[in-house]
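See below for final.cif, which holds mmCIF, C-alpha atoms.
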data_protein
loop_
_atom_site.label_atom_id
_atom_site.label_comp_id
_atom_site.auth_asym_id
_atom_site.auth_seq_id
_atom_site.Cartn_x
_atom_site.Cartn_y
_atom_site.Cartn_z
CA MET A 1 115.14 4.18 11.28
CA ALA A 2 117.94 2.97 13.50
CA THR A 3 117.19 2.41 17.16
CA HIS A 4 119.73 3.24 19.81
CA PRO A 5 120.38 0.76 22.59
CA THR A 6 119.15 1.80 26.00
CA ARG A 7 121.85 1.98 28.62
CA THR A 8 121.00 0.40 31.92
CA ALA A 9 122.87 0.22 35.18
CA ASP A 10 123.54 -3.12 36.86
CA PHE A 11 121.29 -2.54 39.88
CA GLY A 12 117.59 -2.22 40.51
CA THR A 13 115.00 -1.76 37.81
CA VAL A 14 116.07 1.00 35.54
CA ARG A 15 113.91 2.37 32.78
CA SER A 16 115.27 4.17 29.76
CA GLY A 17 116.86 7.48 30.58
CA ALA A 18 120.18 9.16 31.02
CA LEU A 19 123.10 7.66 32.86
CA ILE A 20 126.06 9.41 34.45
CA GLY A 21 128.64 6.67 34.66
CA LYS A 22 131.00 5.72 37.44
CA THR A 23 134.02 7.58 36.12
CA LEU A 24 132.25 10.88 35.49
CA THR A 25 132.47 13.88 37.80
CA ILE A 26 130.17 16.82 37.18
CA THR A 27 129.95 20.18 38.89
CA GLY A 28 126.77 22.11 38.23
CA GLU A 29 123.00 21.90 38.16
CA ILE A 30 121.04 19.27 36.28
CA ARG A 31 117.46 19.86 35.13
CA GLY A 32 115.53 17.63 32.82
CA GLU A 33 112.45 15.84 31.61
CA GLU A 34 113.64 12.26 31.68
CA ASP A 35 114.70 9.66 34.21
CA LEU A 36 118.31 9.87 35.33
CA VAL A 37 120.75 7.46 36.94
CA ILE A 38 123.83 8.91 38.63
CA ASP A 39 126.56 6.40 39.32
CA GLY A 40 129.34 8.96 39.19
CA ARG A 41 129.96 12.09 41.22
CA LEU A 42 127.87 15.26 41.10
CA GLU A 43 128.35 18.49 42.99
CA GLY A 44 125.20 20.45 42.35
CA ASP A 45 121.43 20.34 42.49
CA VAL A 46 119.19 18.04 40.47
CA GLU A 47 115.68 18.95 39.38
CA LEU A 48 113.55 16.36 37.58
CA PRO A 49 110.03 17.32 38.69
CA GLN A 50 108.19 14.67 36.64
CA HIS A 51 110.81 11.94 36.68
CA ARG A 52 112.82 9.48 38.66
CA LEU A 53 116.35 9.97 39.91
CA THR A 54 118.42 6.97 40.95
CA ILE A 55 121.72 7.37 42.77
CA GLY A 56 123.61 4.18 42.03
CA PRO A 57 125.84 2.28 44.48
CA SER A 58 128.90 4.23 43.27
CA GLY A 59 127.01 7.49 43.01
CA VAL A 60 127.91 10.45 45.21
CA LEU A 61 125.78 13.57 45.12
CA GLN A 62 126.35 16.76 47.01
CA GLY A 63 123.37 19.03 46.49
CA LYS A 64 119.61 19.32 46.67
CA ILE A 65 117.35 16.94 44.80
CA ARG A 66 113.82 17.59 43.62
CA ALA A 67 112.16 14.83 41.61
CA ARG A 68 109.01 12.73 41.36
CA GLU A 69 110.80 9.64 42.69
CA ILE A 70 114.22 9.37 44.30
CA VAL A 71 115.99 6.08 44.89
CA VAL A 72 119.34 6.08 46.66
CA TYR A 73 121.81 3.18 46.67
CA GLY A 74 124.87 5.40 47.07
CA THR A 75 125.67 8.60 48.98
CA VAL A 76 123.78 11.87 49.12
CA GLN A 77 124.54 14.96 51.15
CA GLY A 78 121.70 17.40 50.69
CA ASN A 79 117.96 17.68 51.00
CA LEU A 80 115.66 15.33 49.09
CA HIS A 81 112.19 16.38 48.00
CA ALA A 82 110.05 13.94 46.03
CA SER A 83 106.47 14.55 45.00
CA GLU A 84 105.87 10.80 45.28
CA ARG A 85 108.39 8.54 47.00
CA VAL A 86 111.91 8.44 48.31
CA GLU A 87 113.64 5.11 48.87
CA ILE A 88 116.91 4.88 50.74
CA LYS A 89 118.26 1.42 50.13
CA LYS A 90 120.34 -0.83 52.37
CA HIS A 91 123.96 0.45 52.71
CA ALA A 92 123.05 3.85 51.22
CA LYS A 93 124.18 6.94 53.12
CA VAL A 94 122.07 10.07 53.23
CA ILE A 95 122.65 13.19 55.29
CA GLY A 96 119.89 15.66 54.67
CA ASP A 97 116.22 16.37 55.15
CA LEU A 98 113.71 14.21 53.35
CA LYS A 99 110.26 15.21 52.20
CA ALA A 100 108.00 12.84 50.27
CA GLN A 101 104.57 11.27 50.15
CA ARG A 102 106.09 7.89 50.87
CA PRO A 103 109.53 7.91 52.52
CA VAL A 104 111.10 4.46 52.78
CA ILE A 105 114.37 3.82 54.59
CA GLU A 106 115.65 0.26 54.57
CA ASP A 107 117.42 -1.33 57.51
CA GLU A 108 121.21 -0.87 57.44
CA ALA A 109 120.91 2.37 55.53
CA TYR A 110 122.54 5.37 57.20
CA PHE A 111 120.29 8.37 57.43
CA LYS A 112 120.69 11.55 59.42
CA GLY A 113 118.07 14.22 59.01
CA ASN A 114 114.45 15.19 59.26
CA VAL A 115 111.69 13.15 57.63
CA GLU A 116 108.44 14.79 56.69
CA THR A 117 105.58 13.33 54.70
CA ILE A 118 103.52 15.36 52.29
CA ARG A 119 99.95 14.42 51.55
CA ALA A 120 98.80 13.45 48.08
CA GLU A 121 96.96 16.26 46.36
CA THR A 122 93.76 14.71 45.01
CA PRO A 123 91.66 16.69 42.51
CA LYS A 124 88.88 16.96 45.13
CA ALA A 125 91.28 18.23 47.79
CA ALA A 126 92.84 20.63 45.31
CA ALA A 127 89.41 22.04 44.51
CA ALA A 128 88.60 22.35 48.22
CA GLY A 129 91.97 24.02 48.78
CA ALA A 130 91.29 26.49 45.98
CA ALA A 131 87.85 27.28 47.46
CA ALA A 132 89.42 27.78 50.90
CA THR A 133 92.07 30.05 49.43
CA SER A 134 89.50 32.27 47.76
CA ALA A 135 87.44 32.33 50.99
CA ALA A 136 90.54 33.19 53.02
CA ALA A 137 91.35 36.00 50.64
CA ALA A 138 88.01 37.59 51.52
CA ALA A 139 88.46 37.06 55.29
CA PRO A 140 90.58 39.17 57.66
CA THR A 141 94.19 38.04 58.11
CA ALA A 142 94.60 35.35 60.80
CA PRO A 143 97.59 35.27 63.14
CA ALA A 144 100.37 32.82 62.28
CA PRO A 145 100.08 29.44 64.05
CA ALA A 146 102.21 29.16 67.17
CA SER A 147 102.86 25.48 66.55
CA ALA A 148 105.28 25.85 63.68
CA ALA A 149 108.49 24.26 64.88
CA ALA A 150 111.98 24.86 63.67
CA ALA A 151 114.46 22.15 62.86
CA PRO A 152 118.09 21.93 61.90
CA SER A 153 118.88 21.44 58.26
CA ALA A 154 121.04 18.32 58.24
CA GLY A 155 121.81 18.59 54.55
CA ALA A 156 123.01 22.14 54.43
CA GLY A 157 124.72 21.80 57.80
CA SER A 158 123.11 25.05 58.86
CA PRO A 159 121.12 25.27 62.08
CA ALA A 160 119.02 28.07 60.71
CA ALA A 161 115.50 27.94 62.05
CA ARG A 162 112.69 27.60 59.58
CA GLN A 163 108.99 27.59 59.80
CA GLU A 164 107.05 24.86 58.12
CA SER A 165 103.39 24.17 57.95
CA ARG A 166 101.89 20.87 56.99
CA LYS A 167 100.30 20.67 53.59
CA GLY A 168 96.61 19.80 53.85
CA MET B 1 96.60 22.08 66.27
CA SER B 2 93.82 19.55 66.02
CA ALA B 3 93.38 16.67 68.47
CA THR B 4 93.01 13.89 65.90
CA PRO B 5 95.52 11.10 66.49
CA LEU B 6 95.48 8.51 63.76
CA PRO B 7 93.91 5.24 64.95
CA ARG B 8 96.88 3.22 63.71
CA PHE B 9 99.09 4.49 66.50
CA SER B 10 96.54 5.40 69.11
CA ALA B 11 97.52 4.38 72.64
CA ASP B 12 95.20 1.40 72.44
CA LYS B 13 95.22 -0.70 75.60
CA ARG B 14 94.74 -3.80 73.45
CA GLY B 15 98.11 -3.26 71.81
CA GLY B 16 97.99 -4.49 68.25
CA GLY B 17 101.75 -4.67 67.69
CA SER B 18 103.72 -7.30 65.84
CA SER B 19 104.97 -10.56 67.34
CA GLY B 20 108.05 -10.11 69.51
CA ALA B 21 106.91 -6.68 70.60
CA ARG B 22 106.37 -5.83 74.26
CA LYS B 23 103.93 -3.48 75.86
CA SER B 24 105.52 -0.19 76.80
CA TYR B 25 103.75 2.10 79.26
CA ALA B 26 106.27 4.86 78.59
CA LEU B 27 105.65 4.68 74.86
CA GLU B 28 101.93 4.76 75.54
CA GLN B 29 102.41 8.12 77.27
CA VAL B 30 104.48 9.46 74.38
CA THR B 31 101.76 8.34 71.95
CA GLU B 32 99.03 9.99 74.00
CA TYR B 33 101.01 13.21 74.08
CA LEU B 34 101.88 13.17 70.36
CA GLY B 35 98.30 12.26 69.49
CA SER B 36 97.03 15.47 71.05
CA PHE B 37 98.39 17.75 68.31
CA GLU B 38 99.98 17.75 64.86
CA CYS B 39 102.98 19.31 63.15
CA GLY B 40 105.31 18.62 66.06
CA GLN B 41 108.97 17.65 65.99
CA VAL B 42 110.15 14.26 67.23
CA VAL B 43 113.80 13.25 67.51
CA ASP B 44 114.89 9.61 67.41
CA LEU B 45 118.41 9.14 68.77
CA GLY B 46 118.53 5.49 67.73
CA GLY B 47 118.92 6.23 64.03
CA ALA B 48 116.52 5.87 61.14
CA CYS B 49 113.99 3.07 61.27
CA GLN B 50 110.98 2.73 58.98
CA SER B 51 108.48 1.78 61.68
CA ASN B 52 109.47 4.79 63.82
CA ILE B 53 109.21 7.07 60.81
CA ASP B 54 105.72 5.70 60.13
CA TYR B 55 104.84 6.16 63.82
CA ALA B 56 105.77 9.84 63.94
CA THR B 57 104.76 10.92 60.45
CA GLY B 58 101.53 8.88 60.71
CA MET B 59 100.49 11.17 63.54
CA GLY B 60 101.35 14.24 61.50
CA HIS B 61 104.76 15.03 62.99
CA ARG B 62 108.25 15.39 61.57
CA LEU B 63 110.88 12.90 62.69
CA TYR B 64 114.55 13.76 62.99
CA ALA B 65 116.62 10.57 63.03
CA GLU B 66 120.23 10.39 64.15
CA ASP B 67 122.19 7.56 65.70
CA VAL B 68 123.76 9.46 68.53
CA LEU B 69 126.25 6.67 69.28
CA LEU B 70 127.69 7.08 65.78
CA THR B 71 127.68 10.88 66.00
CA LEU B 72 129.42 10.93 69.36
CA ALA B 73 131.76 7.99 68.68
CA GLY B 74 134.52 10.14 67.23
CA TRP B 75 133.94 12.91 69.73
CA GLN B 76 134.12 10.91 72.93
CA GLY B 77 136.42 8.20 71.61
CA ALA B 78 135.70 4.51 71.47
CA PRO B 79 135.47 2.58 74.72
CA GLN B 80 138.68 0.66 75.37
CA ASP B 81 139.13 -2.48 77.47
CA GLY B 82 135.56 -2.24 78.65
CA ALA B 83 136.12 1.21 80.16
CA PHE B 84 134.55 4.45 79.06
CA PRO B 85 136.79 7.20 77.69
CA ALA B 86 137.53 10.27 79.78
CA ASP B 87 134.59 12.58 80.37
CA ARG B 88 134.07 15.67 78.29
CA GLU B 89 132.80 19.00 79.48
CA ALA B 90 129.03 19.24 79.52
CA GLU B 91 127.40 21.58 76.99
CA SER B 92 130.17 20.94 74.47
CA LEU B 93 128.56 18.47 72.08
CA PRO B 94 130.12 18.40 68.61
CA SER B 95 128.64 20.72 66.04
CA GLY B 96 125.89 19.17 63.99
CA CYS B 97 124.54 17.11 66.88
CA LEU B 98 120.91 17.99 67.65
CA GLU B 99 121.33 21.63 66.73
CA PHE B 100 117.70 22.57 67.10
CA PRO B 101 116.55 25.97 68.29
CA ARG B 102 115.60 26.23 71.94
CA GLY B 103 112.14 24.82 72.73
CA SER B 104 111.42 23.44 69.26
CA VAL B 105 111.23 19.67 69.88
CA HIS B 106 108.15 17.96 71.30
CA ALA B 107 109.42 14.44 71.98
CA ALA B 108 112.83 12.79 72.23
CA LEU B 109 113.18 9.02 71.87
CA CYS B 110 116.52 8.26 73.51
CA TRP B 111 115.89 4.51 73.86
CA ASP B 112 118.90 2.88 75.59
CA ARG B 113 121.52 5.18 74.04
CA LEU B 114 122.34 7.29 77.11
CA GLN B 115 123.77 4.38 79.06
CA PHE B 116 126.28 3.63 76.30
CA LEU B 117 127.76 7.12 76.64
CA SER B 118 130.33 8.29 79.15
CA GLU B 119 128.91 10.22 82.10
CA GLY B 120 129.98 13.58 80.71
CA ALA B 121 128.66 12.85 77.22
CA ALA B 122 125.32 11.67 78.64
CA SER B 123 125.06 14.82 80.78
CA ALA B 124 125.91 17.02 77.80
CA LEU B 125 123.30 15.28 75.67
CA VAL B 126 120.63 15.54 78.36
CA ALA B 127 121.44 19.25 78.80
CA ARG B 128 121.05 19.73 75.04
CA LEU B 129 117.74 17.84 75.08
CA HIS B 130 116.52 19.98 77.99
CA ARG B 131 117.31 23.08 75.95
CA ILE B 132 115.61 21.98 72.72
CA LEU B 133 112.48 20.37 74.21
CA VAL B 134 109.36 22.50 74.58
CA PRO B 135 108.01 22.90 78.12
CA GLY B 136 105.74 19.90 78.63
CA GLY B 137 107.64 17.92 75.98
CA VAL B 138 108.49 14.29 76.70
CA LEU B 139 111.64 12.19 76.65
CA LEU B 140 111.70 8.39 76.67
CA ALA B 141 114.77 6.47 77.81
CA LEU B 142 115.63 2.91 78.82
CA PHE B 143 118.15 1.96 81.51
CA ASN B 144 119.61 -1.19 83.00
CA PRO B 145 120.26 -0.97 86.75
CA ASP B 146 123.53 -2.94 86.55
CA GLN B 147 126.47 -2.31 84.28
CA GLY B 148 127.48 -4.87 81.68
CA ALA B 149 128.01 -5.30 77.96
CA ARG B 150 125.58 -5.94 75.16
CA ALA B 151 124.65 -4.63 71.73
CA PRO B 152 122.51 -1.49 71.73
CA PHE B 153 118.87 -2.13 70.91
CA ALA B 154 117.28 -1.26 67.60
CA CYS B 155 114.00 0.01 69.04
CA ARG B 156 111.01 -0.23 66.73
CA VAL B 157 107.60 1.15 67.53
CA THR B 158 105.11 -1.41 66.27
CA GLY B 159 101.98 0.04 67.87
CA GLY B 160 100.89 2.95 70.04
CA ASN B 161 102.13 1.08 73.10
CA GLN B 162 104.13 -1.73 71.50
CA LEU B 163 107.88 -1.71 71.29
CA GLN B 164 110.21 -4.25 69.73
CA LEU B 165 113.80 -4.34 70.97
CA ASP B 166 116.34 -6.16 68.82
CA PRO B 167 120.07 -6.19 69.59
CA SER B 168 121.89 -4.40 66.79
CA GLY B 169 125.63 -4.38 66.12
CA ALA B 170 128.50 -5.42 68.33
CA ALA B 171 128.35 -5.71 72.10
CA ARG B 172 129.75 -2.73 73.98
CA PRO B 173 129.93 -1.75 77.64
CA TYR B 174 127.13 0.20 79.21
CA ARG B 175 126.80 1.97 82.54
CA GLY B 176 124.22 0.81 85.04
CA HIS B 177 121.78 3.42 86.34
CA SER B 178 120.02 3.34 89.69
CA THR B 179 116.81 5.27 90.20
CA ARG B 180 118.84 7.86 92.09
CA SER B 181 121.38 8.31 89.28
CA ILE B 182 118.58 8.67 86.73
CA GLU B 183 116.94 11.33 88.89
CA LYS B 184 120.29 13.11 89.08
CA LEU B 185 120.79 12.91 85.31
CA PHE B 186 117.38 14.50 84.66
CA HIS B 187 117.41 16.87 87.64
CA ALA B 188 116.60 19.89 85.48
CA PHE B 189 113.40 18.36 84.14
CA GLU B 190 109.91 18.80 85.56
CA SER B 191 108.99 15.18 86.32
CA LEU B 192 110.06 11.56 85.89
CA LYS B 193 108.10 8.32 85.86
CA PHE B 194 109.63 4.86 86.07
CA TYR B 195 108.30 1.57 84.73
CA LEU B 196 110.10 -1.71 85.32
CA THR B 197 109.79 -3.98 82.30
CA ARG B 198 111.06 -7.34 81.17
CA GLU B 199 114.79 -8.22 81.33
CA ASN B 200 115.33 -5.87 84.26
CA LEU B 201 115.03 -2.88 81.98
CA GLN B 202 113.66 0.33 83.36
CA GLU B 203 111.57 2.61 81.15
CA VAL B 204 111.69 6.26 82.07
CA ILE B 205 109.36 8.95 80.83
CA VAL B 206 110.65 12.43 81.54
CA ARG B 207 108.65 15.60 81.11
CA ARG B 208 110.33 18.92 80.41
#
Target encoding structure tokens, full file:
Amino acid sequence: MATHPTRTADFGTVRSGALIGKTLTITGEIRGEEDLVIDGRLEGDVELPQHRLTIGPSGVLQGKIRAREIVVYGTVQGNLHASERVEIKKHAKVIGDLKAQRPVIEDEAYFKGNVETIRAETPKAAAAGAAATSAAAAAPTAPAPASAAAAPSAGAGSPAARQESRKG
Amino acid sequence: MSATPLPRFSADKRGGGSSGARKSYALEQVTEYLGSFECGQVVDLGGACQSNIDYATGMGHRLYAEDVLLTLAGWQGAPQDGAFPADREAESLPSGCLEFPRGSVHAALCWDRLQFLSEGAASALVARLHRILVPGGVLLALFNPDQGARAPFACRVTGGNQLQLDPSGAARPYRGHSTRSIEKLFHAFESLKFYLTRENLQEVIVRR
């Protein structure tokens, strides 16, 4: 059976996966179950819940990103949500809110937005959370916490207030 | 809100910061305040910096990072021949600059940025900060008493009371601030405390 060569970009460590090359411009949403490297231009959201998205040095993305890992060498305007880590590399430019277990922003990267960490969901914590949920369902409704703060959404450019509670 | 500050950034009198860092009494107060609750909002006007992100998120808060000198550069114009551009009307910051709802921010880390702005821009920014800070919220700023020119500091929090100041970028003129002018700038706030530190730099902790 013939094997196809794996395309790799000329930066960072890139595993096998799809590549959107420098000359490509795409408008629309991307969803998938494999790693993706964008070195071209994308106007739209990206959703790779179990995989890694890399925005290459020539990559420009305007839209929301949700992935397991996000690495940015290029430009992103939109919110980034990674279940594991987000890395914004030197000379990258990101305008948007960032949510990850491990957010990393290198010196000389440009970033404007809110950074929030999410805690790792361990099996034990998940079980405790499930027990608490079932207990809460049996208890009377508690008032909403007064501490929830609102923040501007740098990515969407909208100052709409939002309420966020920290994941436990 | 639970009162469980993480030990890594507790306001430990022994310090524990990296080499090159200095003790900061103002930062110590910010750390004590932020350590008393979780899920707060911190704004860093010096831009994104990993150690400051770790500082705020390590205590369970969100950090909004924006280099206000970059944001306001186009709006107020670049300084020319060592002079500041003409003042702008207060309360007219460009859209997209610190557009938080009223009373939604718990701490503002201004570092030395205010003294690199024209008088009107600094007043407008302070008015915006007064509006978005919660009552009791804190603001940290650094001022030189005499005017001059130098690169703005990249300010890194390396411990609960340890601050590292590294010049970053090109030198640019800054306005000197006397104690009186600082009091005037923050006249709408509840209280101010001054700490004189190394290199004739004054730390100010302002409470909303």
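Atom CA of Leu139 of chain B sits 16.0 Å away from atom CA of Ser36 of chain B.
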At most 12 Å to chain A: residues in chain B, all atoms listed in the file, as a ChimeraX atom specification: /B:1-2,37-68,70-71,95-106,132-134,154,156,168-169
The PyMOL selection byres ((chain B and resi 161) around 6) applied to the shown file, residues as an NGL selection string: :B and (11 or 23-24 or 27-28 or 159-160 or 162)
Just-selected residues, C-alpha atoms written as a tab-separated table (two decimals), in the frame of the given file:
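Saved file out-v4.tsv follows:
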chain	number	residue	atom	x	y	z
B	11	ALA	CA	97.52	4.38	72.64
B	23	LYS	CA	103.93	-3.48	75.86
B	24	SER	CA	105.52	-0.19	76.80
B	27	LEU	CA	105.65	4.68	74.86
B	28	GLU	CA	101.93	4.76	75.54
B	159	GLY	CA	101.98	0.04	67.87
B	160	GLY	CA	100.89	2.95	70.04
B	162	GLN	CA	104.13	-1.73	71.50
Counting only C-alpha atoms, the residue of B:Leu196, B:Gln147, B:Phe153, B:Gly137 that sits nearest Asp112 of chain B: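 Among B:Leu196, B:Gln147, B:Phe153, B:Gly137, it is B:Phe153 that comes nearest to Asp112 of chain B.
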